[in-house]
file input35.csv (CSV, N, CA and C atoms)
chain,number,residue,atom,x,y,z
A,608,MET,N,14.9,-21.3,-5.3
A,608,MET,CA,14.5,-22.4,-4.4
A,608,MET,C,15.5,-23.5,-4.4
A,609,LYS,N,16.4,-23.5,-5.4
A,609,LYS,CA,17.5,-24.5,-5.4
A,609,LYS,C,18.3,-24.4,-4.2
A,610,GLY,N,18.4,-23.2,-3.6
A,610,GLY,CA,19.2,-23.0,-2.4
A,610,GLY,C,18.5,-23.4,-1.1
A,611,GLY,N,17.4,-24.0,-1.2
A,611,GLY,CA,16.7,-24.4,0.0
A,611,GLY,C,15.6,-23.5,0.5
A,612,MET,N,15.2,-22.4,-0.3
A,612,MET,CA,14.2,-21.5,0.2
A,612,MET,C,12.8,-22.2,0.2
A,613,PRO,N,12.1,-22.1,1.3
A,613,PRO,CA,10.8,-22.7,1.4
A,613,PRO,C,9.9,-22.1,0.3
A,614,VAL,N,9.0,-22.8,-0.2
A,614,VAL,CA,8.0,-22.4,-1.2
A,614,VAL,C,7.3,-21.1,-0.7
A,615,TRP,N,6.8,-21.2,0.5
A,615,TRP,CA,6.0,-20.1,1.0
A,615,TRP,C,6.8,-18.8,1.1
A,616,LYS,N,8.1,-18.9,1.4
A,616,LYS,CA,8.9,-17.7,1.4
A,616,LYS,C,9.1,-17.2,0.0
A,617,TYR,N,9.3,-18.1,-1.0
A,617,TYR,CA,9.6,-17.7,-2.4
A,617,TYR,C,8.3,-17.0,-2.9
A,618,VAL,N,7.2,-17.5,-2.7
A,618,VAL,CA,5.9,-16.9,-3.2
A,618,VAL,C,5.7,-15.5,-2.5
A,619,ALA,N,5.9,-15.5,-1.2
A,619,ALA,CA,5.8,-14.2,-0.5
A,619,ALA,C,6.8,-13.2,-1.0
A,620,ASN,N,8.0,-13.6,-1.2
A,620,ASN,CA,9.0,-12.6,-1.7
A,620,ASN,C,8.7,-12.1,-3.1
A,621,ARG,N,8.2,-13.0,-4.0
A,621,ARG,CA,7.9,-12.6,-5.3
A,621,ARG,C,6.7,-11.6,-5.3
A,622,PHE,N,5.7,-11.9,-4.5
A,622,PHE,CA,4.5,-11.0,-4.3
A,622,PHE,C,5.0,-9.6,-3.8
A,623,LEU,N,5.8,-9.6,-2.7
A,623,LEU,CA,6.2,-8.4,-2.1
A,623,LEU,C,7.0,-7.6,-3.1
A,624,THR,N,7.9,-8.2,-3.9
A,624,THR,CA,8.7,-7.6,-4.8
A,624,THR,C,7.9,-6.9,-5.9
A,625,PHE,N,6.9,-7.7,-6.4
A,625,PHE,CA,6.0,-7.1,-7.4
A,625,PHE,C,5.2,-5.9,-6.8
A,626,ALA,N,4.7,-6.0,-5.6
A,626,ALA,CA,3.9,-5.0,-5.0
A,626,ALA,C,4.8,-3.7,-4.8
A,627,GLU,N,6.0,-3.9,-4.3
A,627,GLU,CA,6.8,-2.8,-4.0
A,627,GLU,C,7.3,-2.1,-5.3
A,628,ASN,N,7.5,-2.9,-6.4
A,628,ASN,CA,7.9,-2.3,-7.6
A,628,ASN,C,6.7,-1.4,-8.2
A,629,VAL,N,5.5,-1.9,-8.0
A,629,VAL,CA,4.4,-1.1,-8.4
A,629,VAL,C,4.2,0.2,-7.6
A,630,LEU,N,4.3,0.0,-6.3
A,630,LEU,CA,4.1,1.2,-5.4
A,630,LEU,C,5.3,2.2,-5.5
A,631,LEU,N,6.5,1.7,-5.6
A,631,LEU,CA,7.7,2.6,-5.6
A,631,LEU,C,8.1,3.0,-7.0
A,632,GLY,N,7.4,2.5,-8.0
A,632,GLY,CA,7.8,2.9,-9.3
A,632,GLY,C,9.2,2.4,-9.8
A,633,ALA,N,9.6,1.3,-9.2
A,633,ALA,CA,10.9,0.7,-9.5
A,633,ALA,C,10.8,-0.6,-10.3
A,634,LYS,N,12.0,-1.1,-10.7
A,634,LYS,CA,12.1,-2.3,-11.4
A,634,LYS,C,13.2,-3.2,-10.8
A,635,LEU,N,13.2,-3.3,-9.5
A,635,LEU,CA,14.2,-4.2,-8.8
A,635,LEU,C,13.8,-5.6,-8.9
A,636,SER,N,14.8,-6.5,-9.0
A,636,SER,CA,14.5,-7.9,-9.1
A,636,SER,C,14.1,-8.5,-7.7
A,637,GLU,N,14.5,-7.9,-6.6
A,637,GLU,CA,14.1,-8.3,-5.3
A,637,GLU,C,14.5,-7.2,-4.3
A,638,TYR,N,13.8,-7.3,-3.1
A,638,TYR,CA,14.0,-6.3,-2.0
A,638,TYR,C,14.4,-7.0,-0.7
A,639,HIS,N,14.6,-8.2,-0.7
A,639,HIS,CA,14.6,-8.9,0.6
A,639,HIS,C,15.8,-9.7,1.0
A,640,THR,N,16.9,-9.7,0.3
A,640,THR,CA,18.1,-10.4,0.7
A,640,THR,C,18.8,-9.7,1.9
A,641,GLY,N,18.7,-8.4,1.9
A,641,GLY,CA,19.5,-7.7,2.9
A,641,GLY,C,21.0,-7.6,2.6
A,642,TYR,N,21.4,-8.1,1.5
A,642,TYR,CA,22.8,-8.1,1.1
A,642,TYR,C,22.9,-6.8,0.2
A,643,ARG,N,23.5,-5.8,0.8
A,643,ARG,CA,23.6,-4.5,0.1
A,643,ARG,C,24.9,-3.8,0.3
A,644,ALA,N,25.2,-2.9,-0.6
A,644,ALA,CA,26.4,-2.0,-0.4
A,644,ALA,C,25.8,-0.6,-0.7
A,645,PHE,N,26.2,0.4,0.1
A,645,PHE,CA,25.8,1.8,-0.1
A,645,PHE,C,26.9,2.7,-0.1
A,646,SER,N,26.8,3.8,-0.8
A,646,SER,CA,27.8,4.8,-0.8
A,646,SER,C,27.7,5.7,0.5
A,647,ARG,N,28.7,6.3,0.9
A,647,ARG,CA,28.7,7.1,2.1
A,647,ARG,C,27.7,8.3,1.9
A,648,ASP,N,27.8,8.9,0.7
A,648,ASP,CA,26.9,10.0,0.4
A,648,ASP,C,25.4,9.6,0.6
A,649,ILE,N,25.0,8.5,0.1
A,649,ILE,CA,23.6,8.1,0.3
A,649,ILE,C,23.3,7.8,1.8
A,650,LEU,N,24.2,7.1,2.5
A,650,LEU,CA,23.9,6.9,3.9
A,650,LEU,C,23.8,8.1,4.7
A,651,GLU,N,24.5,9.2,4.4
A,651,GLU,CA,24.5,10.4,5.1
A,651,GLU,C,23.2,11.2,4.8
A,652,ARG,N,22.5,10.9,3.7
A,652,ARG,CA,21.3,11.6,3.3
A,652,ARG,C,20.0,10.9,3.8
A,653,LEU,N,20.1,9.7,4.2
A,653,LEU,CA,18.9,8.9,4.6
A,653,LEU,C,18.6,9.2,6.1
A,654,ASP,N,17.3,9.2,6.4
A,654,ASP,CA,16.8,9.3,7.8
A,654,ASP,C,16.8,8.0,8.4
A,655,LEU,N,17.9,7.4,8.7
A,655,LEU,CA,18.0,6.0,9.3
A,655,LEU,C,17.5,5.9,10.7
A,656,ALA,N,17.6,7.0,11.4
A,656,ALA,CA,17.2,7.0,12.9
A,656,ALA,C,15.7,6.7,13.0
A,657,ASN,N,14.9,7.0,12.0
A,657,ASN,CA,13.5,6.7,12.1
A,657,ASN,C,13.1,5.4,11.5
A,658,ASN,N,14.0,4.6,11.1
A,658,ASN,CA,13.8,3.2,10.5
A,658,ASN,C,13.6,2.2,11.7
A,659,SER,N,13.1,1.1,11.4
A,659,SER,CA,12.9,0.0,12.3
A,659,SER,C,14.2,-0.6,12.7
A,660,ASP,N,14.2,-1.2,13.9
A,660,ASP,CA,15.4,-2.0,14.4
A,660,ASP,C,15.2,-3.5,14.0
A,661,ASP,N,14.2,-3.8,13.1
A,661,ASP,CA,13.9,-5.2,12.8
A,661,ASP,C,14.3,-5.5,11.4
A,662,PHE,N,13.8,-6.6,10.9
A,662,PHE,CA,14.1,-7.1,9.6
A,662,PHE,C,13.8,-6.1,8.5
A,663,VAL,N,12.8,-5.3,8.6
A,663,VAL,CA,12.3,-4.4,7.6
A,663,VAL,C,13.2,-3.2,7.4
A,664,PHE,N,14.3,-3.1,8.2
A,664,PHE,CA,15.2,-1.9,8.1
A,664,PHE,C,15.7,-1.7,6.7
A,665,ASP,N,16.3,-2.8,6.1
A,665,ASP,CA,16.9,-2.7,4.8
A,665,ASP,C,15.9,-2.3,3.7
A,666,ASN,N,14.7,-2.8,3.9
A,666,ASN,CA,13.6,-2.4,3.0
A,666,ASN,C,13.2,-1.0,3.1
A,667,GLN,N,13.2,-0.5,4.3
A,667,GLN,CA,13.0,1.0,4.5
A,667,GLN,C,14.1,1.8,3.8
A,668,MET,N,15.3,1.3,3.9
A,668,MET,CA,16.4,2.1,3.3
A,668,MET,C,16.2,2.1,1.8
A,669,LEU,N,15.8,1.0,1.2
A,669,LEU,CA,15.6,1.0,-0.3
A,669,LEU,C,14.5,2.0,-0.7
A,670,ALA,N,13.4,2.0,0.1
A,670,ALA,CA,12.3,2.9,-0.2
A,670,ALA,C,12.8,4.4,-0.1
A,671,GLN,N,13.6,4.7,0.9
A,671,GLN,CA,14.2,6.1,1.0
A,671,GLN,C,15.1,6.4,-0.2
A,672,ILE,N,15.9,5.4,-0.6
A,672,ILE,CA,16.8,5.6,-1.7
A,672,ILE,C,16.1,5.9,-3.0
A,673,LEU,N,15.0,5.1,-3.2
A,673,LEU,CA,14.2,5.4,-4.4
A,673,LEU,C,13.5,6.7,-4.3
A,674,TRP,N,13.0,7.1,-3.1
A,674,TRP,CA,12.3,8.3,-2.9
A,674,TRP,C,13.2,9.5,-3.3
A,675,HIS,N,14.4,9.4,-2.9
A,675,HIS,CA,15.4,10.5,-3.2
A,675,HIS,C,15.9,10.5,-4.6
A,676,GLY,N,15.5,9.5,-5.4
A,676,GLY,CA,15.9,9.4,-6.8
A,676,GLY,C,17.3,8.9,-7.0
A,677,PHE,N,17.9,8.2,-6.1
A,677,PHE,CA,19.2,7.7,-6.3
A,677,PHE,C,19.1,6.4,-7.2
A,678,THR,N,20.2,6.1,-7.8
A,678,THR,CA,20.2,4.9,-8.7
A,678,THR,C,20.6,3.7,-7.9
A,679,ILE,N,19.9,2.6,-8.1
A,679,ILE,CA,20.3,1.3,-7.5
A,679,ILE,C,20.8,0.3,-8.5
A,680,GLY,N,21.9,-0.2,-8.3
A,680,GLY,CA,22.5,-1.2,-9.2
A,680,GLY,C,22.3,-2.6,-8.5
A,681,GLU,N,22.1,-3.6,-9.2
A,681,GLU,CA,21.9,-4.9,-8.6
A,681,GLU,C,22.9,-5.9,-9.1
A,682,VAL,N,23.4,-6.7,-8.2
A,682,VAL,CA,24.3,-7.8,-8.5
A,682,VAL,C,23.6,-9.1,-7.9
A,683,SER,N,23.5,-10.1,-8.7
A,683,SER,CA,22.8,-11.3,-8.2
A,683,SER,C,23.7,-12.0,-7.2
A,684,CYS,N,23.1,-12.7,-6.3
A,684,CYS,CA,23.8,-13.5,-5.3
A,684,CYS,C,23.0,-14.8,-5.1
A,685,PRO,N,23.7,-15.9,-4.8
A,685,PRO,CA,22.9,-17.2,-4.6
A,685,PRO,C,22.2,-17.2,-3.3
A,686,THR,N,21.1,-17.9,-3.3
A,686,THR,CA,20.3,-18.0,-2.1
A,686,THR,C,20.6,-19.3,-1.4
A,687,LYS,N,20.9,-19.3,-0.1
A,687,LYS,CA,21.1,-20.5,0.6
A,687,LYS,C,20.4,-20.5,1.9
A,688,TYR,N,19.5,-21.4,2.1
A,688,TYR,CA,18.6,-21.4,3.3
A,688,TYR,C,18.9,-22.7,4.0
A,689,PHE,N,19.2,-22.5,5.3
A,689,PHE,CA,19.3,-23.6,6.3
A,689,PHE,C,19.0,-23.0,7.6
A,690,LYS,N,18.7,-23.8,8.6
A,690,LYS,CA,18.2,-23.4,9.9
A,690,LYS,C,19.0,-22.2,10.5
A,691,GLU,N,20.3,-22.3,10.4
A,691,GLU,CA,21.2,-21.3,11.1
A,691,GLU,C,21.2,-20.0,10.2
A,692,ALA,N,20.8,-20.1,9.0
A,692,ALA,CA,20.9,-18.9,8.1
A,692,ALA,C,19.7,-18.0,8.2
A,693,SER,N,18.6,-18.4,8.6
A,693,SER,CA,17.4,-17.6,8.6
A,693,SER,C,16.7,-17.7,9.9
A,694,SER,N,16.6,-16.7,10.6
A,694,SER,CA,16.0,-16.7,12.0
A,694,SER,C,14.5,-16.2,12.0
A,695,ILE,N,14.0,-15.8,10.8
A,695,ILE,CA,12.7,-15.3,10.8
A,695,ILE,C,11.6,-16.4,10.6
A,696,ASN,N,10.7,-16.4,11.5
A,696,ASN,CA,9.6,-17.4,11.5
A,696,ASN,C,8.4,-16.8,10.8
A,697,LEU,N,7.3,-17.6,10.7
A,697,LEU,CA,6.1,-17.2,10.0
A,697,LEU,C,5.5,-15.9,10.5
A,698,PRO,N,5.2,-15.9,11.9
A,698,PRO,CA,4.6,-14.6,12.4
A,698,PRO,C,5.5,-13.4,12.1
A,699,ARG,N,6.8,-13.5,12.3
A,699,ARG,CA,7.7,-12.3,12.0
A,699,ARG,C,7.8,-12.1,10.5
A,700,SER,N,7.6,-13.1,9.7
A,700,SER,CA,7.6,-12.9,8.3
A,700,SER,C,6.4,-12.1,7.8
A,701,ILE,N,5.3,-12.4,8.4
A,701,ILE,CA,4.0,-11.7,8.1
A,701,ILE,C,4.2,-10.2,8.6
A,702,GLN,N,4.7,-10.0,9.7
A,702,GLN,CA,5.0,-8.6,10.2
A,702,GLN,C,5.9,-7.9,9.3
A,703,TYR,N,7.0,-8.6,8.8
A,703,TYR,CA,7.9,-8.0,7.8
A,703,TYR,C,7.2,-7.7,6.5
A,704,GLY,N,6.4,-8.6,6.0
A,704,GLY,CA,5.7,-8.3,4.8
A,704,GLY,C,4.8,-7.1,4.9
A,705,LEU,N,4.0,-7.0,6.0
A,705,LEU,CA,3.2,-5.9,6.2
A,705,LEU,C,4.0,-4.6,6.3
A,706,GLY,N,5.1,-4.7,6.9
A,706,GLY,CA,6.0,-3.5,7.0
A,706,GLY,C,6.5,-3.1,5.7
A,707,CYS,N,6.9,-4.0,4.8
A,707,CYS,CA,7.3,-3.7,3.5
A,707,CYS,C,6.2,-3.0,2.7
A,708,LEU,N,5.0,-3.6,2.8
A,708,LEU,CA,3.9,-3.0,2.0
A,708,LEU,C,3.6,-1.6,2.6
A,709,GLY,N,3.7,-1.4,3.9
A,709,GLY,CA,3.4,-0.1,4.5
A,709,GLY,C,4.4,0.9,4.1
A,710,ARG,N,5.7,0.5,4.0
A,710,ARG,CA,6.7,1.5,3.6
A,710,ARG,C,6.6,1.8,2.1
A,711,GLY,N,6.2,0.7,1.4
A,711,GLY,CA,6.0,1.0,-0.1
A,711,GLY,C,4.9,1.9,-0.3
A,712,TRP,N,3.8,1.9,0.5
A,712,TRP,CA,2.7,2.8,0.4
A,712,TRP,C,3.1,4.2,0.8
A,713,LEU,N,3.9,4.3,1.9
A,713,LEU,CA,4.3,5.6,2.5
A,713,LEU,C,5.2,6.3,1.5
A,714,PHE,N,6.2,5.6,0.9
A,714,PHE,CA,7.1,6.2,0.0
A,714,PHE,C,6.8,6.0,-1.5
A,715,GLY,N,5.6,5.5,-1.7
A,715,GLY,CA,5.3,5.1,-3.1
A,715,GLY,C,4.9,6.3,-4.0
A,716,TRP,N,5.6,6.4,-5.1
A,716,TRP,CA,5.3,7.4,-6.1
A,716,TRP,C,4.0,7.2,-6.7
A,717,ARG,N,3.5,6.0,-6.7
A,717,ARG,CA,2.2,5.7,-7.4
A,717,ARG,C,1.1,6.5,-6.8
A,718,ARG,N,1.1,6.7,-5.5
A,718,ARG,CA,0.0,7.5,-4.8
A,718,ARG,C,-0.2,8.8,-5.5
A,719,TRP,N,0.9,9.5,-5.9
A,719,TRP,CA,0.7,10.8,-6.6
A,719,TRP,C,0.2,10.6,-8.0
A,720,GLU,N,0.6,9.6,-8.7
A,720,GLU,CA,0.0,9.3,-10.0
A,720,GLU,C,-1.4,9.0,-9.9
A,721,TRP,N,-1.8,8.3,-8.9
A,721,TRP,CA,-3.2,7.9,-8.7
A,721,TRP,C,-4.0,9.0,-8.0
A,722,GLY,N,-3.4,10.1,-7.6
A,722,GLY,CA,-4.1,11.2,-7.0
A,722,GLY,C,-4.6,10.9,-5.6
A,723,VAL,N,-4.0,9.9,-4.9
A,723,VAL,CA,-4.5,9.5,-3.6
A,723,VAL,C,-3.9,10.5,-2.5
A,724,GLN,N,-2.7,10.9,-2.7
A,724,GLN,CA,-2.1,11.8,-1.7
A,724,GLN,C,-1.0,12.7,-2.4
A,725,ASN,N,-0.8,13.9,-1.9
A,725,ASN,CA,0.2,14.7,-2.5
A,725,ASN,C,1.2,15.3,-1.6
A,726,CYS,N,1.4,14.7,-0.4
A,726,CYS,CA,2.5,15.2,0.5
A,726,CYS,C,3.6,14.1,0.6
A,727,SER,N,4.8,14.5,0.8
A,727,SER,CA,5.9,13.6,0.9
A,727,SER,C,6.0,13.0,2.3
A,728,PRO,N,6.5,11.8,2.4
A,728,PRO,CA,6.6,11.2,3.7
A,728,PRO,C,7.6,11.8,4.6
A,729,GLY,N,7.2,12.1,5.9
A,729,GLY,CA,8.1,12.6,6.9
A,729,GLY,C,8.5,14.0,6.6
A,730,SER,N,7.8,14.8,5.8
A,730,SER,CA,8.2,16.1,5.4
A,730,SER,C,7.0,17.0,5.3
A,731,PRO,N,7.1,18.3,5.7
A,731,PRO,CA,6.0,19.2,5.6
A,731,PRO,C,5.8,19.7,4.1
A,732,ARG,N,6.7,19.5,3.2
A,732,ARG,CA,6.6,20.0,1.9
A,732,ARG,C,5.4,19.3,1.2
A,733,ILE,N,4.8,20.0,0.3
A,733,ILE,CA,3.6,19.4,-0.4
A,733,ILE,C,4.0,19.4,-1.9
A,734,GLN,N,4.5,18.2,-2.3
A,734,GLN,CA,4.9,18.0,-3.7
A,734,GLN,C,5.1,16.5,-4.0
A,735,SER,N,5.0,16.2,-5.3
A,735,SER,CA,5.3,14.9,-5.7
A,735,SER,C,6.8,14.7,-5.8
A,736,PRO,N,7.3,13.5,-5.5
A,736,PRO,CA,8.7,13.2,-5.6
A,736,PRO,C,9.2,13.5,-7.0
A,737,LYS,N,8.3,13.4,-8.0
A,737,LYS,CA,8.8,13.6,-9.4
A,737,LYS,C,8.9,15.1,-9.7
A,738,SER,N,8.4,16.0,-8.8
A,738,SER,CA,8.5,17.4,-9.0
A,738,SER,C,9.6,18.0,-8.3
A,739,LYS,N,10.4,17.2,-7.6
A,739,LYS,CA,11.6,17.7,-6.9
A,739,LYS,C,12.6,18.3,-7.9
A,740,VAL,N,13.3,19.3,-7.4
A,740,VAL,CA,14.3,20.0,-8.2
A,740,VAL,C,15.6,19.3,-8.0

call {"tool": "encode", "arguments": {"input": "input35.csv", "output": "structure tokens"}}
result
Amino acid sequence: MKGGMPVWKYVANRFLTFAENVLLGAKLSEYHTGYRAFSRDILERLDLANNSDDFVFDNQMLAQILWHGFTIGEVSCPTKYFKEASSINLPRSIQYGLGCLGRGWLFGWRRWEWGVQNCSPGSPRIQSPKSKV
């Protein structure tokens, strides 16, 4: 928040990060900066064509990366908020948040642990991601 992040965005980001970590079985410090680096190998394996063209795109990529069992390394970066730096308003932020939760649910490993569903997202195979070979 020292970088100017509004309190409502900070609280929402912390909540979404917690929820996604629970659903996706991960321990990431955050999902929402959009500041990422990916290997070519990972990018070639992801189904990017079926992702959104909106703010939630990078979150969808993270869910797919975790689903496939790839390792994610984190490097911290400072947060700087000012009018020209962030174009997402409250209604679009709500849409983004719901999209993050939806993708977390779709790709969430926790569903299998909880016995809610046993099929993988976007695939006809019937197995838990933890049972992949």

call {"tool": "closest_residue", "arguments": {"input": "input35.csv", "among": "A:Phe622, A:Ile701, A:Thr686, A:Gly711", "to": "Gly610 (chain A)", "atoms": "all atoms listed in the file"}}
result
A:Thr686

call {"tool": "residues_around", "arguments": {"input": "input35.csv", "residues": "region 635-651 of chain A", "least_positions_apart": "2", "cutoff": "6 Å", "atoms": "only C-alpha atoms", "output": "ChimeraX atom specification"}}
result
/A:624,633,653,665

call {"tool": "select_by_dssp", "arguments": {"input": "input35.csv", "residues": "region 620-728 of chain A", "states": "alpha helix (DSSP H)", "output": "VMD selection string"}}
result
chain A and resid 620 to 631 647 to 652 664 to 674 697 to 714 717 to 721

call {"tool": "write_last_selection", "arguments": {"input": "input35.csv", "atoms": "N, CA and C atoms", "output": "compact mmCIF listing (two decimals), in the coordinates of the input"}}
result
# COMPACT_ATOMS: atom_id res chain seq x y z
N ASN A 620 8.00 -13.60 -1.20
CA ASN A 620 9.00 -12.60 -1.70
C ASN A 620 8.70 -12.10 -3.10
N ARG A 621 8.20 -13.00 -4.00
CA ARG A 621 7.90 -12.60 -5.30
C ARG A 621 6.70 -11.60 -5.30
N PHE A 622 5.70 -11.90 -4.50
CA PHE A 622 4.50 -11.00 -4.30
C PHE A 622 5.00 -9.60 -3.80
N LEU A 623 5.80 -9.60 -2.70
CA LEU A 623 6.20 -8.40 -2.10
C LEU A 623 7.00 -7.60 -3.10
N THR A 624 7.90 -8.20 -3.90
CA THR A 624 8.70 -7.60 -4.80
C THR A 624 7.90 -6.90 -5.90
N PHE A 625 6.90 -7.70 -6.40
CA PHE A 625 6.00 -7.10 -7.40
C PHE A 625 5.20 -5.90 -6.80
N ALA A 626 4.70 -6.00 -5.60
CA ALA A 626 3.90 -5.00 -5.00
C ALA A 626 4.80 -3.70 -4.80
N GLU A 627 6.00 -3.90 -4.30
CA GLU A 627 6.80 -2.80 -4.00
C GLU A 627 7.30 -2.10 -5.30
N ASN A 628 7.50 -2.90 -6.40
CA ASN A 628 7.90 -2.30 -7.60
C ASN A 628 6.70 -1.40 -8.20
N VAL A 629 5.50 -1.90 -8.00
CA VAL A 629 4.40 -1.10 -8.40
C VAL A 629 4.20 0.20 -7.60
N LEU A 630 4.30 0.00 -6.30
CA LEU A 630 4.10 1.20 -5.40
C LEU A 630 5.30 2.20 -5.50
N LEU A 631 6.50 1.70 -5.60
CA LEU A 631 7.70 2.60 -5.60
C LEU A 631 8.10 3.00 -7.00
N ARG A 647 28.70 6.30 0.90
CA ARG A 647 28.70 7.10 2.10
C ARG A 647 27.70 8.30 1.90
N ASP A 648 27.80 8.90 0.70
CA ASP A 648 26.90 10.00 0.40
C ASP A 648 25.40 9.60 0.60
N ILE A 649 25.00 8.50 0.10
CA ILE A 649 23.60 8.10 0.30
C ILE A 649 23.30 7.80 1.80
N LEU A 650 24.20 7.10 2.50
CA LEU A 650 23.90 6.90 3.90
C LEU A 650 23.80 8.10 4.70
N GLU A 651 24.50 9.20 4.40
CA GLU A 651 24.50 10.40 5.10
C GLU A 651 23.20 11.20 4.80
N ARG A 652 22.50 10.90 3.70
CA ARG A 652 21.30 11.60 3.30
C ARG A 652 20.00 10.90 3.80
N PHE A 664 14.30 -3.10 8.20
CA PHE A 664 15.20 -1.90 8.10
C PHE A 664 15.70 -1.70 6.70
N ASP A 665 16.30 -2.80 6.10
CA ASP A 665 16.90 -2.70 4.80
C ASP A 665 15.90 -2.30 3.70
N ASN A 666 14.70 -2.80 3.90
CA ASN A 666 13.60 -2.40 3.00
C ASN A 666 13.20 -1.00 3.10
N GLN A 667 13.20 -0.50 4.30
CA GLN A 667 13.00 1.00 4.50
C GLN A 667 14.10 1.80 3.80
N MET A 668 15.30 1.30 3.90
CA MET A 668 16.40 2.10 3.30
C MET A 668 16.20 2.10 1.80
N LEU A 669 15.80 1.00 1.20
CA LEU A 669 15.60 1.00 -0.30
C LEU A 669 14.50 2.00 -0.70
N ALA A 670 13.40 2.00 0.10
CA ALA A 670 12.30 2.90 -0.20
C ALA A 670 12.80 4.40 -0.10
N GLN A 671 13.60 4.70 0.90
CA GLN A 671 14.20 6.10 1.00
C GLN A 671 15.10 6.40 -0.20
N ILE A 672 15.90 5.40 -0.60
CA ILE A 672 16.80 5.60 -1.70
C ILE A 672 16.10 5.90 -3.00
N LEU A 673 15.00 5.10 -3.20
CA LEU A 673 14.20 5.40 -4.40
C LEU A 673 13.50 6.70 -4.30
N TRP A 674 13.00 7.10 -3.10
CA TRP A 674 12.30 8.30 -2.90
C TRP A 674 13.20 9.50 -3.30
N LEU A 697 7.30 -17.60 10.70
CA LEU A 697 6.10 -17.20 10.00
C LEU A 697 5.50 -15.90 10.50
N PRO A 698 5.20 -15.90 11.90
CA PRO A 698 4.60 -14.60 12.40
C PRO A 698 5.50 -13.40 12.10
N ARG A 699 6.80 -13.50 12.30
CA ARG A 699 7.70 -12.30 12.00
C ARG A 699 7.80 -12.10 10.50
N SER A 700 7.60 -13.10 9.70
CA SER A 700 7.60 -12.90 8.30
C SER A 700 6.40 -12.10 7.80
N ILE A 701 5.30 -12.40 8.40
CA ILE A 701 4.00 -11.70 8.10
C ILE A 701 4.20 -10.20 8.60
N GLN A 702 4.70 -10.00 9.70
CA GLN A 702 5.00 -8.60 10.20
C GLN A 702 5.90 -7.90 9.30
N TYR A 703 7.00 -8.60 8.80
CA TYR A 703 7.90 -8.00 7.80
C TYR A 703 7.20 -7.70 6.50
N GLY A 704 6.40 -8.60 6.00
CA GLY A 704 5.70 -8.30 4.80
C GLY A 704 4.80 -7.10 4.90
N LEU A 705 4.00 -7.00 6.00
CA LEU A 705 3.20 -5.90 6.20
C LEU A 705 4.00 -4.60 6.30
N GLY A 706 5.10 -4.70 6.90
CA GLY A 706 6.00 -3.50 7.00
C GLY A 706 6.50 -3.10 5.70
N CYS A 707 6.90 -4.00 4.80
CA CYS A 707 7.30 -3.70 3.50
C CYS A 707 6.20 -3.00 2.70
N LEU A 708 5.00 -3.60 2.80
CA LEU A 708 3.90 -3.00 2.00
C LEU A 708 3.60 -1.60 2.60
N GLY A 709 3.70 -1.40 3.90
CA GLY A 709 3.40 -0.10 4.50
C GLY A 709 4.40 0.90 4.10
N ARG A 710 5.70 0.50 4.00
CA ARG A 710 6.70 1.50 3.60
C ARG A 710 6.60 1.80 2.10
N GLY A 711 6.20 0.70 1.40
CA GLY A 711 6.00 1.00 -0.10
C GLY A 711 4.90 1.90 -0.30
N TRP A 712 3.80 1.90 0.50
CA TRP A 712 2.70 2.80 0.40
C TRP A 712 3.10 4.20 0.80
N LEU A 713 3.90 4.30 1.90
CA LEU A 713 4.30 5.60 2.50
C LEU A 713 5.20 6.30 1.50
N PHE A 714 6.20 5.60 0.90
CA PHE A 714 7.10 6.20 0.00
C PHE A 714 6.80 6.00 -1.50
N ARG A 717 3.50 6.00 -6.70
CA ARG A 717 2.20 5.70 -7.40
C ARG A 717 1.10 6.50 -6.80
N ARG A 718 1.10 6.70 -5.50
CA ARG A 718 0.00 7.50 -4.80
C ARG A 718 -0.20 8.80 -5.50
N TRP A 719 0.90 9.50 -5.90
CA TRP A 719 0.70 10.80 -6.60
C TRP A 719 0.20 10.60 -8.00
N GLU A 720 0.60 9.60 -8.70
CA GLU A 720 0.00 9.30 -10.00
C GLU A 720 -1.40 9.00 -9.90
N TRP A 721 -1.80 8.30 -8.90
CA TRP A 721 -3.20 7.90 -8.70
C TRP A 721 -4.00 9.00 -8.00

call {"tool": "closest_residue", "arguments": {"input": "input35.csv", "among": "A:Val614, A:Leu623, A:Val629, A:Ala670", "to": "Arg710 (chain A)", "atoms": "only C-alpha atoms"}}
result
A:Ala670

call {"tool": "closest_residue", "arguments": {"input": "input35.csv", "among": "A:Tyr617, A:Phe689, A:Tyr703, A:Trp674", "to": "Gly715 (chain A)", "atoms": "only C-alpha atoms"}}
result
A:Trp674

call {"tool": "closest_residue", "arguments": {"input": "input35.csv", "among": "A:Asn657, A:Phe662, A:Lys687, A:Arg652", "to": "Gly704 (chain A)", "atoms": "only C-alpha atoms"}}
result
A:Phe662

call {"tool": "closest_residue", "arguments": {"input": "input35.csv", "among": "A:Phe677, A:Ile695, A:Cys684, A:Gln671", "to": "Leu713 (chain A)", "atoms": "only C-alpha atoms"}}
result
A:Gln671
